[in-house]
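Colleague: Right, I'll just put the structure down here and ask away after.
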Amino acid sequence: MFLQLLRIELFKIFRRPRTFIAFAAIAMIVLLVQFALKVNGKDFIQLYTDSQADTFDIPYQEIQNGYFVCVAVLHMILIHVPLLVALIAGDMISGEANLGTLRLLAGKPVTRTELVLAKFSASSVYVVLLLVWMALIALLGSLLLFGSGGLAIFKEDSIHLMNEQDVLWRFFAAFIFAALGLTTIAAMALMFSAVADNSLGPIVTTVCVVIVFTVVQQLKVPIFEETINRWSFTTHMLGWKGFFYVEKNAEGITIDGSIENPSSLVKSGLVLLGYITLFLFITIRYFKRKDILS
Amino acid sequence: MLTGNQNMSAVIHVKNLFKDFKDIRAVNDLSFSVEEGQVYGFLGQNGAGKSTTIRMLLTLITPTAGQIEIFGLELHRNRKEILRQTGAIVEKPDMYKYLSAKENIRLFSRLSGAKVSEKKMEDQLAMVGLADRMNSKVRTYSQGMKQRLGLACALVHDPKLLILDEPTNGLDPQGIADMRNMIIHLSKDLGKTLLVSSHLLSEMEMVADSMLIINKGKKVVEGKVAELINPVQPIVELITPDKEAALNFIQHSDWKHKLKSFTDGTIKMEFEKSKIPELTRQLVQQGIAVESIRPVHSLEDYFLSQTKE
């Protein structure tokens with residue numbers, strides 16, 4: 001029955017025109033970034049390499065390849081994708097209440113736990129498809145437009161250089177990690193959705209929570225760094241970046257297949273899984289007891 | 001397979017049901033039984049607690065106290081088994097507006113856990129008169145069409161029990177007549193048990209075998225419609241051109257205790273129907289012309305008398 005429910009939920013998601021707004025928005029943003037980098041790529045790289053440029057010559061032409069552009073795209077848009085996820089996940093239960101179909105669903109021989117899990121799984125599938133779409137146009141599109149090569153990543157005080165053959169798996173891993181982060185947002189939006197009887201409230205609430213935690217995280221002041229940011233899901237959602245930071249040997253040469261701080265990645269992954277579990281638990285517990293009056 | 005062993009003839013058995021919303025008691029110690037094959041009318045004014053009770057029967061709302069058995073099984077412990085055999089329209093039948101009628105009925109048949117063929121779905125839509133519009137988006141439907149689609153979705157998995165909450169709401173006279181005929185067909189021809197709530201009493205009078213009247217969440221009366229419409233002592237309405245003479249005769253005869261009112265030239269009395277010929281004979285013997293004399297106790301009168309403050 002669960003698979004049947006999941007199929008039904010996916011059918012409903014992908015029969016609604018609003019679902020495709022997110023796909024269109026991502027395509028537009030990626031294309032704009034790719035266009036901007038094609039035209040003003042050197043200026044963009046200079047922004048990040050001001051301090052290093054004094055020390056050594058930056059090979060702008062070699063750096064500006066498809067992989068580099070894809071990472072730039074991910075940096076720019078992954079922070080905004082939660083808004084697109086909230087648009088769908090925040091509507092999953094409250095939208096049905098608003099439409100009047102929740103009472104039809106809940107009066108059928110399916111448990112409310114099954115309903116919540118099916119809706120959560122459908123939201124997760126949507127997240128994965130959104131990322132696959134992003135990967136297709138950001139990674140494949142950029143490789144087609146800019147060609148391939150080794151990847152250079154600028155961190156605050158260092159540059160991480162990766163060989164071309166060591167790059168692709170990092171993108172796959174980063175996309176999987178990003179999916180975990182966005183699924184956390186989907187679980188949170190679903191939790192707010194279970195409480196409300198209209199879609200706007202849960203969507204706006206989710207977006208507000210993401211904005212508040214993102215601002216707190218970007219302030220980078222010790223009081224927040226040592227408290228909220230250590231456990232904030234917005235901090236750990238950025239864990240995907242960790243796949244692009246590599247270890248170096250004693251001679252300062254990057255080690256293929258290495259990750260600079262794998263324990264931090266594992267911790268971020270576990271924290272996000274913890275949030276997903278917590279949000280789902282609250283949603284199921286609340287929804288099972290909810291009187292459906294809509 | 002439902003294998004309940006209590007109240008086998010009672011498809012629905014509700015006992016001492018209560019529902020409180022904070023400090024408001026919406027349903028107050030309600031008990032009733034719906035027998036197999038019956039059309040059971042569930043009557044009450046708006047806000048009387050009909051929809052709340054129906055939502056409890058469908059597990060949309062948790063009762064504060066009380067017992068609900070359907071098909072002889074306790075509802076909350078056997079929820080899935082019971083709901084597999086139940087179809088329902090709760091208030092207005094809101095469907096997925098961005099889907100077609102056929103997509104909606106397919107979706108709800110799958111949710112019901114039944115394997116329903118495409119042909120059966122199309123037949124069901126044809127039965128409610130939507131054959132020509134089955135591929136149109138529901139957002140283009142009138143209220144009446146949505147109501148019929150709701151009924152088709154409730155029936156598609158061939159349930160034994162149908163719970164219809166205000167099924168004639170928002171329908172035009174033709175729609176109301178169609179719905180009435182459908183209810184009679186489902187009960188008499190297909191043997192289904194129906195619980196139908198309504199505040200349109202005249203409609204209930206025509207379709208229900210038994211009924212329950214509730215007011216402020218409490219049972220007012222329950223019984224066979226025929227008995228409730230025709231109580232032992234109905235109101236008899238006498239219309240005559242010789243009003244003064246007729247009133248004078250009644251007030252000075254054994255009939256004086258039966259007189260209820262005399263307003264706008266209409267005399268209302270309360271006595272057994274069987275005595276109507278006797279009164280008619282005596283009036284004629286007195287030379288009083290009788291234009292009409294008939295029992296007028298309708299369900300509506302009864303309902304209003306039972307639910308008035």
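A note on labels: chains of the structure tokens are A, B, ... as shown, every chain counts residues from 1, and ligands are counted from 1 in their shown order.
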Distance limit 10 Å, atoms considered: only C-alpha atoms. Which chain A residues sit that close to chain B? Return them as a PyMOL selection string.

Modeller: chain A and resi 1+4-5+7-9+11-12+15-17+96+98-111+288-294

Colleague: Any chance you could list, as a ChimeraX atom specification, the residues in stretch 6-199 of chain A that come up alpha helix (DSSP H) when DSSP is run on the backbone?

Modeller: /A:6-14,19-53,60-63,66-77,81-89,94-99,102-106,112-134,141-146,168-195

Colleague: Compile the contact shell of stretch 7-20 of chain B as a PyMOL selection string: residues with an atom at most 6 Å away, counting only C-alpha atoms, same-chain residues fewer than 4 positions apart removed.

Modeller: chain B and resi 24-36+63-72

Colleague: Kindly export the residues of the current selection with C-alpha atoms, as a CSV table (one decimal), in the first residue's frame.

Modeller:
chain,number,residue,atom,x,y,z
B,24,ILE,CA,-17.9,23.2,23.3
B,25,ARG,CA,-19.7,19.8,23.5
B,26,ALA,CA,-20.4,19.1,19.8
B,27,VAL,CA,-21.8,15.6,20.3
B,28,ASN,CA,-23.4,14.7,23.6
B,29,ASP,CA,-24.1,11.1,24.6
B,30,LEU,CA,-25.3,10.0,21.2
B,31,SER,CA,-26.3,6.4,20.6
B,32,PHE,CA,-27.9,4.9,17.5
B,33,SER,CA,-27.9,1.9,15.2
B,34,VAL,CA,-28.2,1.5,11.5
B,35,GLU,CA,-29.5,-1.8,10.3
B,36,GLU,CA,-28.2,-3.5,7.2
B,63,PRO,CA,-14.2,10.8,19.9
B,64,THR,CA,-13.8,12.2,23.4
B,65,ALA,CA,-15.7,9.2,24.7
B,66,GLY,CA,-18.0,6.4,23.5
B,67,GLN,CA,-17.9,3.4,21.3
B,68,ILE,CA,-18.3,3.0,17.5
B,69,GLU,CA,-18.8,-0.4,15.9
B,70,ILE,CA,-19.1,-0.8,12.2
B,71,PHE,CA,-19.9,-4.2,10.6
B,72,GLY,CA,-19.7,-5.5,14.2

Colleague: Skip A:Ala174 itself and residues of its chain fewer than 6 positions away, then list as a PyMOL selection string all residues within 10 Å of it, counting only C-alpha atoms.

Modeller: chain A and resi 71+74+168+180+238-244

Colleague: Residues within 6 Å of stretch 87-94 of chain A, please, as an MDAnalysis selection string. Count only C-alpha atoms; anything in the same chain fewer than 2 positions from it doesn't count.

Modeller: chainID A and resid 84:85 96:97 123 186 189:190 193:194 196:199 202:203

Colleague: Selected residues, N, CA and C atoms, written as a PDB file, in the first residue's frame, please.

Modeller:
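After the write, result_12.pdb holds the following:
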ATOM      1  N   LEU A  84      12.605  26.670  -2.970  1.00  0.00           N
ATOM      2  CA  LEU A  84      11.850  25.918  -3.977  1.00  0.00           C
ATOM      3  C   LEU A  84      11.328  24.602  -3.392  1.00  0.00           C
ATOM      4  N   VAL A  85      12.097  24.027  -2.492  1.00  0.00           N
ATOM      5  CA  VAL A  85      11.660  22.778  -1.842  1.00  0.00           C
ATOM      6  C   VAL A  85      10.466  23.064  -0.923  1.00  0.00           C
ATOM      7  N   GLU A  96      -3.722  19.967   0.816  1.00  0.00           N
ATOM      8  CA  GLU A  96      -4.855  19.020   0.747  1.00  0.00           C
ATOM      9  C   GLU A  96      -5.985  19.500   1.668  1.00  0.00           C
ATOM     10  N   ALA A  97      -5.588  20.050   2.829  1.00  0.00           N
ATOM     11  CA  ALA A  97      -6.601  20.564   3.762  1.00  0.00           C
ATOM     12  C   ALA A  97      -7.330  21.736   3.122  1.00  0.00           C
ATOM     13  N   SER A 123       8.180  14.033  -1.446  1.00  0.00           N
ATOM     14  CA  SER A 123       8.944  15.296  -1.390  1.00  0.00           C
ATOM     15  C   SER A 123      10.433  15.018  -1.610  1.00  0.00           C
ATOM     16  N   ALA A 186      12.723  19.681   3.396  1.00  0.00           N
ATOM     17  CA  ALA A 186      11.431  19.091   3.025  1.00  0.00           C
ATOM     18  C   ALA A 186      10.726  18.542   4.268  1.00  0.00           C
ATOM     19  N   ALA A 189       9.404  21.492   6.293  1.00  0.00           N
ATOM     20  CA  ALA A 189       8.230  22.097   5.647  1.00  0.00           C
ATOM     21  C   ALA A 189       6.999  21.198   5.819  1.00  0.00           C
ATOM     22  N   LEU A 190       7.215  19.887   5.732  1.00  0.00           N
ATOM     23  CA  LEU A 190       6.108  18.933   5.907  1.00  0.00           C
ATOM     24  C   LEU A 190       5.560  19.016   7.341  1.00  0.00           C
ATOM     25  N   SER A 193       3.499  21.925   7.538  1.00  0.00           N
ATOM     26  CA  SER A 193       2.325  21.681   6.689  1.00  0.00           C
ATOM     27  C   SER A 193       1.253  20.877   7.424  1.00  0.00           C
ATOM     28  N   ALA A 194       1.690  19.982   8.312  1.00  0.00           N
ATOM     29  CA  ALA A 194       0.729  19.144   9.052  1.00  0.00           C
ATOM     30  C   ALA A 194      -0.094  19.971  10.025  1.00  0.00           C
ATOM     31  N   ALA A 196      -0.942  23.274   9.593  1.00  0.00           N
ATOM     32  CA  ALA A 196      -1.757  24.337   8.989  1.00  0.00           C
ATOM     33  C   ALA A 196      -2.854  23.791   8.083  1.00  0.00           C
ATOM     34  N   ASP A 197      -3.824  24.668   7.788  1.00  0.00           N
ATOM     35  CA  ASP A 197      -4.892  24.311   6.864  1.00  0.00           C
ATOM     36  C   ASP A 197      -4.833  25.130   5.574  1.00  0.00           C
ATOM     37  N   ASN A 198      -3.750  25.888   5.400  1.00  0.00           N
ATOM     38  CA  ASN A 198      -3.520  26.541   4.104  1.00  0.00           C
ATOM     39  C   ASN A 198      -2.027  26.512   3.809  1.00  0.00           C
ATOM     40  N   SER A 199      -1.680  26.620   2.529  1.00  0.00           N
ATOM     41  CA  SER A 199      -0.289  26.373   2.116  1.00  0.00           C
ATOM     42  C   SER A 199       0.662  27.510   2.462  1.00  0.00           C
ATOM     43  N   PRO A 202       2.829  27.405   6.066  1.00  0.00           N
ATOM     44  CA  PRO A 202       4.006  26.521   6.159  1.00  0.00           C
ATOM     45  C   PRO A 202       5.136  26.918   5.218  1.00  0.00           C
ATOM     46  N   ILE A 203       4.803  27.388   4.020  1.00  0.00           N
ATOM     47  CA  ILE A 203       5.856  27.764   3.061  1.00  0.00           C
ATOM     48  C   ILE A 203       6.623  28.977   3.596  1.00  0.00           C
TER      49      ILE A 203
END

Colleague: Closest to A:Ala22 among A:Ile253, A:Leu115, A:Met134, A:Ile79, using only C-alpha atoms?

Modeller: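 Closest candidate: A:Met134.
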
Colleague: Going by DSSP on the backbone, which bits of stretch 48-208 of chain B are strand (DSSP E or B)? Write them as a PyMOL selection string, please.

Modeller: chain B and resi 65-70+73-74+86-89+100+137+161-165+193-198

Colleague: Kindly indicate which residue among A:Met162, A:Val195, A:Ile228, A:Val127 lies nearest to A:Lys248, using only C-alpha atoms for the distances.

Modeller: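 Using only C-alpha atoms, A:Lys248 sits closest to A:Met162.
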
Colleague: Taking into account only C-alpha atoms, which residue in the set A:Ala122, A:Ile13, A:Met188, A:Val39 is nearest to A:Val204?

Modeller: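 Closest residue, counting only C-alpha atoms: A:Met188.
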
Colleague: I need the residue nearest A:Arg230 from this list: A:Leu200, A:Leu145, A:Val271, A:Val266. Use only C-alpha atoms for the distance.

Modeller: A:Val271
